[in-house]
Each structure stands twice: as C-alpha cells, then as structure tokens.
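Asks: You'll find work_15.tsv just under this line, and it carries TSV, C-alpha atoms.
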chain	number	residue	atom	x	y	z
C	14	MET	CA	0.00	0.00	0.00
C	15	THR	CA	1.20	3.53	-0.73
C	16	THR	CA	2.06	5.61	2.33
C	17	THR	CA	1.00	8.91	0.79
C	18	THR	CA	-1.61	10.60	2.90
C	19	SER	CA	-4.54	12.80	1.91
C	20	VAL	CA	-6.67	15.56	3.35
C	21	MET	CA	-9.51	13.04	3.57
C	22	ARG	CA	-7.37	10.80	5.77
C	23	SER	CA	-6.45	13.72	8.01
C	24	GLU	CA	-10.10	14.66	8.38
C	25	ILE	CA	-11.06	11.07	9.22
C	26	ALA	CA	-8.55	11.30	12.08
C	27	GLU	CA	-10.14	14.53	13.33
C	28	GLN	CA	-13.50	12.88	14.03
C	29	PRO	CA	-13.08	12.10	17.74
C	30	GLU	CA	-12.34	15.72	18.59
C	31	ALA	CA	-15.05	16.98	16.24
C	32	LEU	CA	-17.54	14.68	17.98
C	33	ARG	CA	-16.46	15.81	21.45
C	34	ALA	CA	-16.84	19.46	20.51
C	35	THR	CA	-20.20	18.82	18.86
C	36	LEU	CA	-21.61	16.98	21.86
C	37	ASP	CA	-20.34	19.65	24.25
C	38	THR	CA	-22.18	22.24	22.17
C	39	LEU	CA	-25.41	20.41	21.43
C	40	LEU	CA	-26.28	18.36	24.51
C	41	PRO	CA	-27.16	21.52	26.49
C	42	LEU	CA	-29.78	22.31	23.80
C	43	THR	CA	-32.01	19.32	24.61
C	44	PRO	CA	-34.51	21.53	26.56
C	45	GLU	CA	-34.95	23.73	23.48
C	46	ILE	CA	-35.43	20.64	21.32
C	47	ALA	CA	-38.01	19.36	23.81
C	48	ALA	CA	-39.89	22.67	23.66
C	49	LEU	CA	-40.16	22.46	19.88
C	50	GLY	CA	-41.02	18.79	20.08
C	51	SER	CA	-43.93	19.50	22.41
C	52	GLN	CA	-45.58	21.42	19.56
C	53	THR	CA	-45.22	18.58	17.05
C	54	ARG	CA	-46.04	14.89	16.69
C	55	GLN	CA	-43.97	13.69	13.74
C	56	VAL	CA	-40.72	14.52	11.96
C	57	LEU	CA	-39.89	15.27	8.33
C	58	PHE	CA	-36.21	15.12	7.31
C	59	ILE	CA	-35.03	17.33	4.44
C	60	ALA	CA	-31.60	16.48	2.97
C	61	ARG	CA	-29.54	15.34	0.00
C	62	GLY	CA	-26.39	13.26	-0.46
C	63	SER	CA	-24.51	12.22	2.67
C	64	SER	CA	-26.91	14.34	4.71
C	65	ASP	CA	-29.77	12.25	3.34
C	66	ASN	CA	-27.98	9.13	4.58
C	67	ALA	CA	-27.72	10.77	7.99
C	68	ALA	CA	-31.46	11.42	7.78
C	69	VAL	CA	-32.05	7.68	7.24
C	70	TYR	CA	-30.28	7.08	10.56
C	71	GLY	CA	-32.40	9.78	12.18
C	72	SER	CA	-35.58	8.26	10.83
C	73	TYR	CA	-34.85	4.81	12.25
C	74	LEU	CA	-33.61	6.26	15.52
C	75	LEU	CA	-36.64	8.44	16.17
C	76	GLN	CA	-39.19	5.82	15.18
C	77	ALA	CA	-37.53	3.11	17.26
C	78	HIS	CA	-36.93	5.20	20.37
C	79	THR	CA	-39.29	8.19	20.46
C	80	GLY	CA	-42.49	6.68	19.10
C	81	ARG	CA	-42.75	9.43	16.47
C	82	LEU	CA	-43.36	8.83	12.80
C	83	ALA	CA	-40.31	10.08	10.91
C	84	THR	CA	-40.08	10.28	7.13
C	85	LEU	CA	-37.76	11.65	4.45
C	86	ALA	CA	-38.97	14.57	2.38
C	87	SER	CA	-39.02	14.78	-1.41
C	88	PRO	CA	-37.67	18.32	-1.90
C	89	SER	CA	-38.97	18.51	-5.47
C	90	ILE	CA	-42.52	18.59	-4.05
C	91	ALA	CA	-41.58	22.05	-2.79
C	92	THR	CA	-39.06	23.30	-5.33
C	93	THR	CA	-40.31	21.77	-8.59
C	94	TYR	CA	-44.02	21.11	-8.06
C	95	GLY	CA	-44.70	23.97	-5.66
C	96	ALA	CA	-47.33	21.86	-3.92
C	97	LYS	CA	-48.96	22.87	-0.65
C	98	VAL	CA	-48.99	20.17	2.01
C	99	ASP	CA	-50.52	20.40	5.47
C	100	LEU	CA	-47.54	20.11	7.81
C	101	THR	CA	-49.30	21.16	10.97
C	102	GLY	CA	-47.76	19.25	13.88
C	103	VAL	CA	-44.62	18.40	11.92
C	104	LEU	CA	-41.05	19.10	12.99
C	105	ALA	CA	-39.08	19.65	9.76
C	106	VAL	CA	-35.40	18.83	10.26
C	107	ALA	CA	-33.23	20.14	7.43
C	108	ILE	CA	-29.69	18.71	7.23
C	109	SER	CA	-26.94	20.33	5.18
C	110	GLN	CA	-23.22	20.26	5.81
C	111	SER	CA	-22.65	23.77	4.53
C	112	GLY	CA	-26.09	25.17	5.31
C	113	ARG	CA	-25.89	26.84	1.90
C	114	THR	CA	-27.58	24.33	-0.42
C	115	GLU	CA	-30.45	26.40	-1.76
C	116	GLU	CA	-32.80	23.48	-2.35
C	117	ILE	CA	-32.55	22.42	1.31
C	118	VAL	CA	-32.95	25.95	2.67
C	119	ASP	CA	-35.88	26.61	0.33
C	120	THR	CA	-37.57	23.32	1.21
C	121	MET	CA	-37.27	24.07	4.92
C	122	ALA	CA	-38.80	27.51	4.33
C	123	TRP	CA	-41.59	25.83	2.36
C	124	ALA	CA	-42.18	23.43	5.25
C	125	ALA	CA	-42.47	26.35	7.66
C	126	ASP	CA	-44.93	28.04	5.32
C	127	CYS	CA	-46.96	24.81	5.34
C	128	GLY	CA	-47.19	24.91	9.15
C	129	ALA	CA	-44.10	23.02	10.33
C	130	ARG	CA	-41.68	24.01	13.05
C	131	THR	CA	-38.08	23.79	11.89
C	132	VAL	CA	-34.64	22.59	12.99
C	133	GLY	CA	-31.48	23.08	10.95
C	134	VAL	CA	-28.56	20.67	11.35
C	135	THR	CA	-25.40	22.05	9.76
C	136	ASN	CA	-21.70	22.62	10.13
C	137	GLY	CA	-22.13	26.08	8.63
C	138	GLU	CA	-22.40	28.52	11.51
C	139	GLY	CA	-24.15	31.69	10.38
C	140	SER	CA	-25.33	30.00	7.17
C	141	PRO	CA	-28.72	30.66	5.55
C	142	LEU	CA	-30.01	27.41	7.08
C	143	THR	CA	-29.18	28.53	10.62
C	144	ARG	CA	-30.81	31.91	10.06
C	145	ALA	CA	-34.03	30.42	8.69
C	146	ALA	CA	-34.54	27.62	11.26
C	147	ASP	CA	-36.48	27.93	14.50
C	148	LEU	CA	-33.56	26.12	16.14
C	149	ALA	CA	-30.09	25.52	14.71
C	150	LEU	CA	-28.01	22.51	15.77
C	151	VAL	CA	-24.56	23.62	14.59
C	152	THR	CA	-22.01	20.83	14.55
C	153	ARG	CA	-18.38	21.51	15.37
C	154	ALA	CA	-16.53	19.57	12.69
C	155	GLY	CA	-14.38	22.53	11.73
C	156	SER	CA	-13.43	23.22	8.15
C	157	GLU	CA	-13.74	20.16	5.88
C	158	LEU	CA	-11.72	20.48	2.68
C	159	ALA	CA	-11.92	17.04	1.08
C	160	VAL	CA	-15.03	16.63	-1.06
C	161	PRO	CA	-16.12	13.28	0.48
C	162	ALA	CA	-17.85	14.03	3.77
C	163	THR	CA	-16.28	12.36	6.80
C	164	LYS	CA	-16.28	14.40	10.00
C	165	THR	CA	-19.26	16.46	8.87
C	166	TYR	CA	-21.22	13.23	8.43
C	167	THR	CA	-20.40	11.67	11.79
C	168	THR	CA	-21.10	14.93	13.62
C	169	GLN	CA	-24.48	15.05	11.88
C	170	LEU	CA	-25.22	11.59	13.28
C	171	ALA	CA	-24.24	12.86	16.73
C	172	ALA	CA	-26.56	15.85	16.30
C	173	LEU	CA	-29.43	13.53	15.40
C	174	ALA	CA	-28.70	11.42	18.48
C	175	VAL	CA	-29.01	14.62	20.54
C	176	LEU	CA	-32.24	15.39	18.69
C	177	ALA	CA	-33.60	11.99	19.73
C	178	LEU	CA	-32.73	12.67	23.36
C	179	GLY	CA	-34.46	16.06	23.19
C	180	LEU	CA	-37.55	14.45	21.69
C	181	GLY	CA	-37.86	12.12	24.63
C	182	ALA	CA	-35.94	8.98	23.66
C	183	ASP	CA	-35.42	6.79	26.71
C	184	LEU	CA	-31.70	6.48	26.03
C	185	ASP	CA	-28.60	7.18	28.10
C	186	PRO	CA	-26.70	10.39	27.18
C	187	ALA	CA	-23.61	8.91	28.83
C	188	GLU	CA	-23.53	6.27	26.10
C	189	LEU	CA	-23.47	9.04	23.49
C	190	GLN	CA	-20.63	10.80	25.27
C	191	ALA	CA	-18.58	7.58	25.06
C	192	VAL	CA	-18.69	7.56	21.25
C	193	PRO	CA	-15.59	9.72	20.61
C	194	GLU	CA	-13.45	7.27	22.60
C	195	ALA	CA	-14.88	4.41	20.50
C	196	ILE	CA	-13.84	6.26	17.33
C	197	ASP	CA	-10.37	6.73	18.82
C	198	GLN	CA	-10.22	2.95	19.21
C	199	VAL	CA	-11.25	2.36	15.59
C	200	LEU	CA	-8.55	4.72	14.36
C	201	ALA	CA	-5.91	3.12	16.60
C	202	GLN	CA	-6.49	-0.39	15.23
C	203	PRO	CA	-3.82	-1.94	13.02
C	204	GLY	CA	-4.75	-1.48	9.39
C	205	ASP	CA	-4.09	-5.03	8.26
C	206	ASP	CA	-7.76	-6.00	7.89
C	207	THR	CA	-8.55	-2.76	6.08
C	208	ASP	CA	-5.59	-3.16	3.73
C	209	ALA	CA	-6.56	-6.76	2.98
C	210	ILE	CA	-10.09	-5.73	1.99
C	211	VAL	CA	-8.71	-2.89	-0.14
C	212	GLU	CA	-6.46	-5.32	-2.03
C	213	ARG	CA	-9.42	-7.62	-2.67
C	214	LEU	CA	-11.38	-4.66	-4.09
C	215	VAL	CA	-8.70	-3.65	-6.57
C	216	GLY	CA	-9.94	-4.60	-10.01
C	217	VAL	CA	-13.55	-5.00	-8.87
C	218	GLN	CA	-16.04	-3.01	-10.92
C	219	GLY	CA	-19.05	-3.26	-8.60
C	220	ALA	CA	-20.03	-4.14	-5.05
C	221	VAL	CA	-23.13	-4.48	-2.92
C	222	VAL	CA	-23.10	-2.73	0.47
C	223	SER	CA	-25.78	-3.86	2.87
C	224	GLY	CA	-27.08	-3.33	6.39
C	225	ARG	CA	-30.48	-3.06	8.01
C	226	GLY	CA	-32.22	-0.86	10.54
C	227	MET	CA	-29.86	1.65	12.11
C	228	ALA	CA	-27.00	0.26	9.99
C	229	PHE	CA	-28.88	0.83	6.72
C	230	SER	CA	-27.63	4.43	6.84
C	231	THR	CA	-24.05	3.11	7.00
C	232	ALA	CA	-24.61	0.91	3.95
C	233	LEU	CA	-25.93	3.88	1.98
C	234	GLU	CA	-23.11	6.18	3.05
C	235	ALA	CA	-20.39	3.57	2.47
C	236	ALA	CA	-21.72	2.91	-1.03
C	237	LEU	CA	-21.78	6.65	-1.75
C	238	LYS	CA	-18.17	7.00	-0.62
C	239	LEU	CA	-17.03	4.14	-2.87
C	240	LYS	CA	-18.89	5.66	-5.81
C	241	GLU	CA	-17.68	9.22	-5.45
C	242	ALA	CA	-14.02	8.61	-4.51
C	243	CYS	CA	-13.24	5.22	-6.11
C	244	TYR	CA	-15.68	5.30	-9.07
C	245	LEU	CA	-16.98	1.90	-8.05
C	246	HIS	CA	-20.48	0.81	-9.02
C	247	ALA	CA	-21.61	0.30	-5.43
C	248	MET	CA	-25.22	-0.32	-4.42
C	249	GLY	CA	-26.31	0.51	-0.88
C	250	LEU	CA	-29.24	-1.68	0.11
C	251	SER	CA	-31.12	-2.92	3.12
C	252	TYR	CA	-30.54	-6.65	3.27
C	253	ALA	CA	-34.31	-7.10	3.08
C	254	ASP	CA	-34.35	-5.28	-0.27
C	255	LEU	CA	-31.21	-7.09	-1.39
C	256	LEU	CA	-32.96	-10.43	-1.00
C	257	HIS	CA	-35.83	-9.21	-3.20
C	258	GLY	CA	-33.86	-9.62	-6.41
C	259	PRO	CA	-30.62	-7.58	-6.41
C	260	ILE	CA	-28.71	-10.39	-4.69
C	261	ALA	CA	-28.58	-11.94	-8.16
C	262	VAL	CA	-25.74	-9.56	-9.04
C	263	VAL	CA	-23.52	-10.83	-6.20
C	264	ASP	CA	-20.91	-13.24	-7.56
C	265	ARG	CA	-17.18	-13.85	-7.34
C	266	PHE	CA	-16.58	-10.59	-9.23
C	267	THR	CA	-19.11	-8.55	-7.23
C	268	PRO	CA	-18.44	-8.74	-3.48
C	269	ALA	CA	-20.75	-7.86	-0.63
C	270	LEU	CA	-19.68	-5.44	2.09
C	271	LEU	CA	-21.92	-6.08	5.10
C	272	THR	CA	-22.28	-3.92	8.20
C	273	ALA	CA	-24.02	-4.34	11.53
C	274	ALA	CA	-23.78	-3.36	15.17
C	275	ASN	CA	-22.10	-5.92	17.41
C	276	SER	CA	-25.49	-6.75	18.89
C	277	GLY	CA	-29.13	-5.99	18.18
C	278	PRO	CA	-32.12	-7.27	16.24
C	279	THR	CA	-30.58	-7.03	12.75
C	280	LEU	CA	-27.32	-8.86	13.48
C	281	ALA	CA	-28.64	-12.40	12.93
C	282	GLY	CA	-30.05	-11.47	9.52
C	283	THR	CA	-26.77	-9.86	8.47
C	284	VAL	CA	-24.85	-12.98	9.48
C	285	ALA	CA	-27.31	-15.15	7.53
C	286	LEU	CA	-26.81	-12.93	4.48
C	287	ALA	CA	-23.03	-13.29	4.76
C	288	GLU	CA	-23.41	-17.07	4.89
C	289	ARG	CA	-25.64	-17.03	1.83
C	290	VAL	CA	-23.20	-14.83	-0.09
C	291	THR	CA	-20.16	-17.00	0.67
C	292	ALA	CA	-22.09	-20.20	-0.02
C	293	ALA	CA	-22.74	-18.83	-3.50
C	294	GLY	CA	-19.00	-18.40	-4.04
C	295	ALA	CA	-18.98	-14.63	-3.68
C	296	PRO	CA	-16.69	-12.68	-1.34
C	297	ALA	CA	-18.21	-11.17	1.82
C	298	TYR	CA	-16.45	-8.49	3.84
C	299	GLY	CA	-17.75	-7.35	7.21
C	300	ILE	CA	-17.69	-4.12	9.18
C	301	GLY	CA	-18.70	-4.58	12.80
C	302	GLY	CA	-21.06	-7.37	13.75
C	303	GLY	CA	-18.72	-8.81	16.37
C	304	ALA	CA	-17.44	-12.36	16.21
C	305	ALA	CA	-20.65	-13.62	14.61
C	306	LEU	CA	-20.33	-11.55	11.44
C	307	ALA	CA	-16.55	-11.95	11.32
C	308	GLY	CA	-16.97	-15.72	11.39
C	309	ALA	CA	-19.33	-15.62	8.42
C	310	CYS	CA	-17.21	-13.31	6.25
C	311	ASP	CA	-13.98	-13.76	4.32
C	312	LEU	CA	-12.49	-10.66	5.93
C	313	SER	CA	-13.82	-8.20	8.47
C	314	VAL	CA	-12.95	-5.03	10.36
C	315	PRO	CA	-14.04	-4.92	14.01
C	316	VAL	CA	-15.55	-1.95	15.79
C	317	PRO	CA	-15.83	-1.38	19.55
C	318	ASP	CA	-19.00	-2.35	21.35
C	319	LEU	CA	-21.55	0.44	21.20
C	320	PRO	CA	-25.30	0.15	21.71
C	321	GLU	CA	-27.11	-0.28	18.42
C	322	TRP	CA	-28.55	3.26	18.49
C	323	LEU	CA	-25.02	4.68	18.33
C	324	ALA	CA	-23.18	2.01	16.34
C	325	PRO	CA	-23.59	3.78	12.95
C	326	ILE	CA	-21.30	6.60	14.12
C	327	ALA	CA	-18.48	4.05	14.52
C	328	LEU	CA	-19.43	1.70	11.67
C	329	ILE	CA	-18.88	4.30	8.98
C	330	VAL	CA	-15.27	4.97	9.99
C	331	PRO	CA	-13.80	1.69	8.61
C	332	ALA	CA	-15.74	2.32	5.39
C	333	GLN	CA	-14.19	5.79	5.17
C	334	LEU	CA	-10.73	4.29	5.67
C	335	ILE	CA	-11.35	1.60	3.04
C	336	THR	CA	-12.54	4.24	0.58
C	337	GLU	CA	-9.57	6.54	1.13
C	338	ARG	CA	-7.03	3.73	0.83
C	339	LEU	CA	-8.70	2.16	-2.19
C	340	ALA	CA	-8.86	5.50	-4.01
C	341	ARG	CA	-5.13	6.02	-3.54
C	342	ARG	CA	-4.40	2.40	-4.42
C	343	LEU	CA	-6.22	2.93	-7.70
C	344	GLY	CA	-4.31	6.15	-8.38
C	345	TYR	CA	-7.20	8.52	-7.67
C	346	ASN	CA	-7.19	11.64	-5.51
C	347	PRO	CA	-9.83	11.05	-2.82
C	348	ASP	CA	-9.83	14.73	-1.89
C	349	ALA	CA	-11.12	15.92	-5.25
C	350	PRO	CA	-13.25	13.35	-7.11
C	351	ARG	CA	-13.91	14.24	-10.72
C	352	GLY	CA	-16.99	16.32	-11.43
C	353	LEU	CA	-17.74	17.09	-7.77
C	354	GLY	CA	-17.51	20.18	-5.58
C	355	LYS	CA	-17.88	20.69	-1.85
C	356	VAL	CA	-21.32	22.35	-2.13
C	357	THR	CA	-23.78	20.84	-4.60
C	358	GLN	CA	-26.61	23.09	-5.71
C	359	THR	CA	-29.81	21.43	-6.98
C	360	SER	CA	-33.18	22.87	-7.86
The structure given in the file should be rewritten as structure tokens.

Replies:
Amino acid sequence: MTTTTSVMRSEIAEQPEALRATLDTLLPLTPEIAALGSQTRQVLFIARGSSDNAAVYGSYLLQAHTGRLATLASPSIATTYGAKVDLTGVLAVAISQSGRTEEIVDTMAWAADCGARTVGVTNGEGSPLTRAADLALVTRAGSELAVPATKTYTTQLAALAVLALGLGADLDPAELQAVPEAIDQVLAQPGDDTDAIVERLVGVQGAVVSGRGMAFSTALEAALKLKEACYLHAMGLSYADLLHGPIAVVDRFTPALLTAANSGPTLAGTVALAERVTAAGAPAYGIGGGAALAGACDLSVPVPDLPEWLAPIALIVPAQLITERLARRLGYNPDAPRGLGKVTQTS
C-alpha cells in the first residue's frame, strides 16, 4: 500500500475531537429541542447526499426510540411542483453540511410556510439554514476540505442522536458521550484488515453494500463514498431489499460489504446474508457485527462495542478508511473526485 496521505485521511482522524466538541455544544440544547417537540407529533427530514444518509439514521432512531413517525422529504414537491402540504404538527429537520444548499434551505422555508416548526442541522455557523430555522443545531466539525464528507457526516449523526434525546428517547446520554473514545479505538487499530479488503477490491467493478435498521444508513453512506471517490459501481441496500432480487448480481466478481452493530435485532439477519453470499461463491467483507459476522465473512474489520442506536457513528469509519485507501491504491485523488464540488446546488 502507498504511504502517501490525503486531506480526507487527516479529516477522518479529526472525528473524535469533532464529535467531542459537537456533543459539548449540542447536549445543552435538549430543553430547546423538547420545547419544539412538544408542539409537534412527527418529523420530516429534508436532505440530499450524505446528509440524506444521515437522515435515514435519524428516521430509524426516532421511530424506534421516540415513538414518532419520521419520514424523508421529497424536496422537489416544494421546489419543482410547488405543492402545498398540510404540515401542521410536523417538525421539519433540514440537514446540510454547509447550510448553503439552496434546495434544502428553500424546502425548509416551504415546510415552515406549510405549518411546520423547523430545525437546521449544519456545520455552517451563520449560514442561511441557521438563520431560517427555529432552532439551529450547529455541529463543530471545523473546516472540511476534502469533497467526500467524513467528519461532517459523523457529527451530523451525533446531532441527530441529541435530537432523539431532546424528543424524549429513553436512552442514556452517557452512552453518546462515550462515542468519541470508540472512534479513537477504531482509528488506533492496526490497518491489516482494512488493507486486505482494499487489495481484494482492486480490479472490482461493482459491489453491494448492505445493512439493516440503524446500519442501513451506514450501507448507503459507504456505497456513496465508494462511488464518489473510487468510481466503483456500489449499491447501498437494506438486506431485506437485497434479498428481493438484487442479490442476483452478487458473484465472485461482485463482493458484498456487510455492516451491523455488534449486537441488536438485525445482526442475525446480516450474518445469515453473509453465509448465503459466501455459499454462493462470492466474497463477503464485514464491518462490525462482532465475532458472529466476522466468522461468516472472508475478511472483516471490528468496531468497539456500542449500543445499536449509536453504532452507525463508529461503523462508517472503517468504510471511510477503506474508501480513502482504495482511491489512492487505484491512483485517484480522494480529496477531489472528478466532477464534484464541496457544495452541490440542486433545484
């Protein structure tokens, strides 16, 4: 493996401190979140790209632990169709790393005009999103220069965990405060398992990335990273959806990258999927899932034990490392993927 580093790799290493700073800033805001939550009964997430993958995590988290219906918005309903929707009793949570993506800011304003209360989750302090929201949850990732989101993504997940606590989730904030140390542990691990997976992915044209429940967000984000930085045809799928047909593409030339918390209700299904993939003669690589998933996969990268509601913050880190190393191994610059900029404007 080449020893050349990248800005992306440096920013991956900054995640523990970014998470600590974010939690120090946002946990004191739970009373304000609760006050907004008392005026609403369900949640609508507004996002694109990596932020949309964070919203998937938020949706599962809120529905599993706050008893609120949580859904993902279709911004074109606001920006393209100009439809009016009754959003009375809705908390609209807009997520944007920069806070400057016009479609997201405009859709949040539309939601407010339709009767919603609004929260903005962003790393862009003083951005249009923070100025337009009823409450801004500003993450403390610091400047992120590489195009692929790393520390801005994990701090968004932390912000959504704080949102869940503010909306009444019966979860332990002390567990959330332990996450930065878990990320430190991931980063301190020897890279042999990661390097071995990277070498197996050299020459591969496509891959399936799968998880379920809370880990579905990790599968989506890992697939996005592989697409944007390594130009790999990677599909992010729930393993339930994977079994409904797309598993036909998995073969010895199309590996499966499977991710799960070390415990929880989706682990057994992920292990069963790994066994099915390897029985078909296809490679299976694991992230997390403890000894059970490692035993069912050809190669795997462990993560520290975290409760399932927080595991996605740690699970994405090995996928970021794999992406960064694979991009360099293939001769690509992970900091500046072709055709992409740091802020993507859509309409």

Asks: Counting all atoms listed in the file, which residues in stretch 60-120 of chain C sit no more than 10 Å from stretch 154-164 of chain C? For each one, give the nearest pair of atoms and the distance in Å, sorted by chain then residue number, as CSV.

Replies:
residue,atom,partner,partner_atom,distance
C:Gly62,CA,C:Ala162,CA,9.6
C:Ser63,CA,C:Ala162,CA,7.0
C:Ser64,CA,C:Ala162,CA,9.1
C:Gln110,CA,C:Ala162,CA,8.5
C:Ser111,CA,C:Glu157,CA,9.7

Asks: Smallest atom-to-atom distance to C:Ala220: which of C:Ala242, C:Leu270, C:Ala305, C:Val330, using all atoms listed in the file?

Replies: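 Of the candidates, the smallest distance to C:Ala220 is held by C:Leu270.
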
Asks: Give the centre and edge lengths of an axis-aligned box, in Å to one decimal, that holds all listed atoms of stretch 332-340 of chain C with 3 Å on each side, as AutoDock Vina command-line options.

Replies:
--center_x -11.4 --center_y 4.1 --center_z 0.8 --size_x 14.7 --size_y 10.9 --size_z 15.7

Asks: Within 9 Å of (-33.9, 19.7, 21.9) (coordinates as in the file), grab all the protein and nucleic acid residues, counting all atoms listed in the file, and write them out as a list in words.

Replies: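 Counting all atoms listed in the file, I find these residues within 9 Å of (-33.9, 19.7, 21.9): Leu39, Leu40, Pro41, Leu42, Thr43, Pro44, Glu45, Ile46, Ala47, Ala48, Leu49, Gly50, Leu148, Leu150, Val175, Leu176, Ala177, Leu178, Gly179, Leu180 and Gly181 of chain C.
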
Asks: Save the residues we just selected, C-alpha atoms, as a short mmCIF file (atom, residue, chain, number, x, y, z; two decimals), in the coordinates of the input?

Replies:
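Contents of selection37.cif, as written:
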data_model
loop_
_atom_site.label_atom_id
_atom_site.label_comp_id
_atom_site.auth_asym_id
_atom_site.auth_seq_id
_atom_site.Cartn_x
_atom_site.Cartn_y
_atom_site.Cartn_z
CA LEU C 39 -25.41 20.41 21.43
CA LEU C 40 -26.28 18.36 24.51
CA PRO C 41 -27.16 21.52 26.49
CA LEU C 42 -29.78 22.31 23.80
CA THR C 43 -32.01 19.32 24.61
CA PRO C 44 -34.51 21.53 26.56
CA GLU C 45 -34.95 23.73 23.48
CA ILE C 46 -35.43 20.64 21.32
CA ALA C 47 -38.01 19.36 23.81
CA ALA C 48 -39.89 22.67 23.66
CA LEU C 49 -40.16 22.46 19.88
CA GLY C 50 -41.02 18.79 20.08
CA LEU C 148 -33.56 26.12 16.14
CA LEU C 150 -28.01 22.51 15.77
CA VAL C 175 -29.01 14.62 20.54
CA LEU C 176 -32.24 15.39 18.69
CA ALA C 177 -33.60 11.99 19.73
CA LEU C 178 -32.73 12.67 23.36
CA GLY C 179 -34.46 16.06 23.19
CA LEU C 180 -37.55 14.45 21.69
CA GLY C 181 -37.86 12.12 24.63
#

Asks: Neighbours of C:Ser87 within 10 Å (all atoms listed in the file; same-chain residues fewer than 4 positions away dropped), as an NGL selection string?

Replies: :C and (57-61 or 91-92 or 120)

Asks: Hey, which of C:Glu337, C:Glu24, C:Asp147, C:Glu288 ends up closest to C:Ala235? Count all atoms listed in the file.

Replies: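 Using all atoms listed in the file, C:Ala235 sits closest to C:Glu337.
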
Asks: To one decimal place in Å, what is the distance between atom CA of C:Ala236 and atom CA of C:Tyr70?

Replies: 15.0 Å

Asks: Would you mind reading off the distance between atom CA of C:Leu319 and atom CA of C:Tyr252, one decimal, in Å?

Replies: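 Interatomic distance, atom CA of C:Leu319 to atom CA of C:Tyr252: 21.3 Å.
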
Asks: Which residue out of C:Met227, C:Ala129, C:Ala274, C:Leu82 has the minimum interatomic distance to C:Gln52 when all atoms listed in the file are used?

Replies: C:Ala129

Asks: Separation of atom CA of C:Asp65 and atom CA of C:Leu142, in Å?

Replies: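 Between atom CA of C:Asp65 and atom CA of C:Leu142 the gap is 15.6 Å.
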
Asks: Using all atoms listed in the file, which of the listed residues (C:Pro331, C:Pro350, C:Pro278, C:Gly294) sits closest to C:Val211?

Replies: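 Closest residue, counting all atoms listed in the file: C:Pro331.
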
Asks: Taking all atoms listed in the file into account, name the residue in C:Ile25, C:Val56, C:Ile90, C:Ala77 that is nearest to C:Val132.

Replies: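 Going through C:Ile25, C:Val56, C:Ile90, C:Ala77 one by one, the smallest distance to C:Val132 is for C:Val56.
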
Asks: Out of C:Arg289, C:Arg81, C:Arg213, C:Arg341, which residue has the shortest atom-to-atom distance to C:Pro268 when counting all atoms listed in the file?

Replies: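 When distances to C:Pro268 are compared using all atoms listed in the file, the smallest one comes from C:Arg213.
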
Asks: Only all heavy atoms, please: stretch 207-212 of chain C from the block, as an mmCIF file, in the first residue's frame.

Replies:
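Wrote it out as result-v9.cif, contents follow:
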data_model
loop_
_atom_site.group_PDB
_atom_site.id
_atom_site.type_symbol
_atom_site.label_atom_id
_atom_site.label_comp_id
_atom_site.auth_asym_id
_atom_site.auth_seq_id
_atom_site.Cartn_x
_atom_site.Cartn_y
_atom_site.Cartn_z
ATOM 1 N N THR C 207 -8.123 -3.754 7.066
ATOM 2 C CA THR C 207 -8.554 -2.764 6.079
ATOM 3 C C THR C 207 -7.752 -2.909 4.789
ATOM 4 O O THR C 207 -8.316 -2.916 3.686
ATOM 5 C CB THR C 207 -8.390 -1.346 6.650
ATOM 6 O OG1 THR C 207 -9.166 -1.230 7.840
ATOM 7 C CG2 THR C 207 -8.845 -0.295 5.643
ATOM 8 N N ASP C 208 -6.440 -3.022 4.919
ATOM 9 C CA ASP C 208 -5.590 -3.164 3.735
ATOM 10 C C ASP C 208 -5.929 -4.432 2.947
ATOM 11 O O ASP C 208 -5.914 -4.426 1.713
ATOM 12 C CB ASP C 208 -4.116 -3.199 4.140
ATOM 13 C CG ASP C 208 -3.591 -1.841 4.574
ATOM 14 O OD1 ASP C 208 -4.264 -0.836 4.306
ATOM 15 O OD2 ASP C 208 -2.509 -1.797 5.190
ATOM 16 N N ALA C 209 -6.234 -5.500 3.659
ATOM 17 C CA ALA C 209 -6.561 -6.756 2.976
ATOM 18 C C ALA C 209 -7.844 -6.620 2.170
ATOM 19 O O ALA C 209 -7.936 -7.119 1.034
ATOM 20 C CB ALA C 209 -6.690 -7.883 4.001
ATOM 21 N N ILE C 210 -8.848 -5.950 2.734
ATOM 22 C CA ILE C 210 -10.093 -5.727 1.989
ATOM 23 C C ILE C 210 -9.834 -4.841 0.781
ATOM 24 O O ILE C 210 -10.344 -5.092 -0.327
ATOM 25 C CB ILE C 210 -11.159 -5.126 2.912
ATOM 26 C CG1 ILE C 210 -11.597 -6.154 3.967
ATOM 27 C CG2 ILE C 210 -12.377 -4.656 2.105
ATOM 28 C CD1 ILE C 210 -12.540 -5.611 5.020
ATOM 29 N N VAL C 211 -9.024 -3.789 0.975
ATOM 30 C CA VAL C 211 -8.707 -2.895 -0.144
ATOM 31 C C VAL C 211 -8.069 -3.685 -1.285
ATOM 32 O O VAL C 211 -8.443 -3.523 -2.461
ATOM 33 C CB VAL C 211 -7.781 -1.755 0.333
ATOM 34 C CG1 VAL C 211 -7.176 -1.011 -0.862
ATOM 35 C CG2 VAL C 211 -8.553 -0.783 1.217
ATOM 36 N N GLU C 212 -7.119 -4.546 -0.973
ATOM 37 C CA GLU C 212 -6.460 -5.316 -2.032
ATOM 38 C C GLU C 212 -7.440 -6.227 -2.753
ATOM 39 O O GLU C 212 -7.334 -6.439 -3.966
ATOM 40 C CB GLU C 212 -5.301 -6.128 -1.444
ATOM 41 C CG GLU C 212 -4.098 -5.284 -1.058
ATOM 42 C CD GLU C 212 -3.555 -4.471 -2.217
ATOM 43 O OE1 GLU C 212 -3.434 -5.006 -3.335
ATOM 44 O OE2 GLU C 212 -3.264 -3.285 -2.008
#
